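Enquirer: Let me begin by handing over the structure; questions about it come next.
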Amino acid sequence: MKKILFVEDEQALQRTIGEALRREGYEVVSALDGESGARIAKEENPNLILLDLILPRRSGFDVLKELKADDATSAIPVLVLTNLESPADVDRAIELGATTYLVKANYDLSDIVRKVKAALGEA
Amino acid sequence: MATASGAALLTYLKEELDVVGQCRKLRVPLWQCPRLVFIVMGGVIIAAIVATYFFLVVRTEPEMAALVAVVIAGVLLIQSYIILLATENIAETSRLKSEFINITSHQLRSPLTASRWATDLLLSDLSVSLPQEVVENLRIIESSNARMNKLVYSLLQVARIETNTFKQRKREVSLSEVVKEITDEAAMFARASNIDIIVSIPDKKLFVKFDPEQLRFIVQEVLDNAIRYTGVKGTIRVTVSTKNGSGTVEIADQGVGIPMEEQKDIFQKFYRGSNIYTLSPAGTGLSLFIVKKVLEAGGGKIDFKSTVGKGSSFWFTVPIISETNII
């Protein structure tokens with residue numbers, strides 16, 4: 001069973017996306033802030049990381065930078081899932097190594113699941 | 001023609017010389033307003049020239065001329081510093097506005113996204129059979145949420161345009177493919193109102209350099225308007241063509257049309273036709289304002305013609321960078 005780490009501070013989004021991914025047969029591990037997101041990524045070695053950018057304790061940008069700099073986690077695909085949509089934020093995330101940048105408000109839940117499957121090579 | 005040019009020149013001069021009005025727009029104190037300080041500087045320089053001439057040529061008092069030069073240099077230095085302060089204030093205000101927009105975007109849209117996805121989950125859970133009434137109420141939540149999301153997006157776009165923080169990520173994109181994608185998506189929705197969408201696209205790919213998401217937004221908004229203004233039953237024709245190095249997308253409907261006296265306001269913020277409320281009470285009145293600004297930022301243009309009772313035709317052009325035949 002493939003494992004997805006979801007780093008997001010909004011409990012409601014944790015619940016909805018977590019449930020949607022579990023229905024597709026994935027194991028979902030949650031992190032509610034940037035600090036624990038970076039730590040859990042190294043501990044759990046997930047197949048994919050869904051990462052919000054505005055997070056308590058450490059920003060998603062910092063977490064992304066750390067994960068991509070660490071050999072143990074650099075190969076894990078990271079899908080940024082945020083409501084920040086300025087081109088500067090998009091460029092910054094892609095430069096730091098994000099695989100895809102998704103603006104939450106622009107996607108249905110089924111679209112997010114499709115993007116996850118595509119990133120895992122299952123589309 | 002000469003009268004129109006003269007009137008336009010007069011309007012331009014009136015705006016440029018309305019220093020107090022310009023200062024109020026920037027929200028800086030009058031004494032820090034760059035334009036006003038610049039005018040004062042100009043006056044000081046002219047006075048310095050006259051004074052120097054007076055003391056050198058008329059009164060032949062070179063010491064006084066030197067003193068005038070020193071005083072004027074001091075005054076100009078102070079005024080330059082004031083302009084610098086004002087410029088820094090304006091830049092800081094702009095930065096704060098931009099930051100506010102980013103944070104607001106996140107904070108407003110996150111709860112909307114959460115409720116939308118929770119509704120998605122409930123509606124897609126095939127293991128639970130929900131009573132029809134519950135499904136209908138969930139659909140109401142879903143559509144209200146979509147409207148709210150669209151309104152937030154529109155308001156944020158307007159805020160970005162007005163604070164000059166609006167950015168485009170230009171890519172090479174096929175105009176024909178974008179139009180086909182949007183019209184295919186809209187066709188199902190339009191058919192529910194007995195509206196046919198007839199699309200005419202040339203047998204070649206027309207590539208433009210534009211932000212793909214914004215191009216989709218433009219086509220979608222203009223087409224949505226055409227559907228909304230058509231109401232129940234009718235035909236909308238979407239035509240893609242090229243002329244003089246520009247790709248043109250024309251969307252013509254057979255809807256209610258726009259009253260002549262309102263046509264000059266059509267690209268203003270919050271404009272909604274007085275005759276549209278019975279057909280479509282929901283609507284922000286922001287879409288055409290945003291479409292025009294986005295197009296112009298990308299090097300494009302938009303125009304229209306409309307007759308009440310017969311319909312409207314909107315067309316926009318975008319510069320083409322290349323064309324390839326579809327094999």
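Residues are referred to by chain and number: the chain letter is A, B, ... according to the order shown in the structure tokens, the number counts from 1 in that chain, and ligands are numbered separately from 1 in the order shown.
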Taking the DSSP assignment computed from this structure's backbone, write out as a VMD selection string all residues of region 3-119 of chain A that belong to helix (DSSP H, G or I).
Expert: chain A and resid 11 to 23 34 to 44 60 to 69 87 to 96 104 to 106 109 to 119
Enquirer: Return as a tab-separated table the residues of region 53-122 of chain B lying at most 7 Å from region 79-90 of chain A, together with the closest atom-to-atom pair for each and the distance in Å to one decimal, counting only C-alpha atoms, with rows in chain order and ascending residue number.
Expert:
residue	atom	partner	partner_atom	distance
B:Asn102	CA	A:Leu84	CA	6.4
B:Ser105	CA	A:Asn83	CA	6.7
B:His106	CA	A:Asn83	CA	4.9
B:Arg109	CA	A:Asn83	CA	6.6
B:Ser110	CA	A:Asn83	CA	6.8
Enquirer: Give the answer as one residue: which of B:Leu30, B:Leu215, B:Val44, B:Val57 has the shortest atom-to-atom distance to Ala73 (chain B), using only C-alpha atoms?
Expert: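 Ranking B:Leu30, B:Leu215, B:Val44, B:Val57 by distance to Ala73 (chain B), first place goes to B:Val44.
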Enquirer: Neighbouring residues of region 25-31 of chain A were defined as those with any atom within 8 Å, considering only C-alpha atoms; residues of the same chain fewer than 4 positions away were excluded. Please report them as number ranges by chain.
Expert: A: 1-9, 14, 18, 21, 36-37, 40
Enquirer: The selected residues should be written to file as an mmCIF file, in the first residue's frame (atoms: C-alpha atoms).
Expert:
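Final output, saved to selection-v3.cif:
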data_model
loop_
_atom_site.group_PDB
_atom_site.id
_atom_site.type_symbol
_atom_site.label_atom_id
_atom_site.label_comp_id
_atom_site.auth_asym_id
_atom_site.auth_seq_id
_atom_site.Cartn_x
_atom_site.Cartn_y
_atom_site.Cartn_z
ATOM 1 C CA MET A 1 0.000 0.000 0.000
ATOM 2 C CA LYS A 2 1.516 3.299 -1.041
ATOM 3 C CA LYS A 3 2.033 5.925 1.640
ATOM 4 C CA ILE A 4 1.267 9.616 1.269
ATOM 5 C CA LEU A 5 2.376 12.275 3.726
ATOM 6 C CA PHE A 6 -0.045 15.206 3.871
ATOM 7 C CA VAL A 7 1.416 18.340 5.462
ATOM 8 C CA GLU A 8 -1.470 20.733 6.116
ATOM 9 C CA ASP A 9 -2.531 22.693 9.202
ATOM 10 C CA GLN A 14 -6.711 16.946 6.410
ATOM 11 C CA GLY A 18 -7.221 12.082 3.823
ATOM 12 C CA LEU A 21 -7.080 9.200 -0.655
ATOM 13 C CA SER A 36 6.680 17.812 12.056
ATOM 14 C CA GLY A 37 6.211 17.553 8.285
ATOM 15 C CA ILE A 40 7.830 12.673 9.577
#
Enquirer: Please report, as a tab-separated table, each residue of chain A lying at most 6 Å from chain B, together with the nearest pair of atoms and the separation in Å rounded to one decimal; use only C-alpha atoms, and order rows by chain and ascending residue number.
Expert:
residue	atom	partner	partner_atom	distance
A:Ala12	CA	B:Ala114	CA	5.8
A:Leu13	CA	B:Ala114	CA	5.4
A:Thr16	CA	B:Ala118	CA	5.7
A:Asn83	CA	B:His106	CA	4.9
A:Leu84	CA	B:His106	CA	5.8
A:Ala105	CA	B:Thr113	CA	5.5
A:Leu109	CA	B:Trp117	CA	5.7
Enquirer: The selected residues should be written to file as a short mmCIF file (atom, residue, chain, number, x, y, z; two decimals), in the first residue's frame (atoms: C-alpha atoms).
Expert:
data_model
loop_
_atom_site.label_atom_id
_atom_site.label_comp_id
_atom_site.auth_asym_id
_atom_site.auth_seq_id
_atom_site.Cartn_x
_atom_site.Cartn_y
_atom_site.Cartn_z
CA ALA A 12 -10.92 20.14 7.68
CA LEU A 13 -8.65 19.69 4.67
CA THR A 16 -11.39 15.55 3.40
CA ASN A 83 -4.10 28.68 -2.07
CA LEU A 84 -1.17 30.98 -2.80
CA ALA A 105 -9.43 26.50 -4.85
CA LEU A 109 -11.33 16.59 -4.82
#
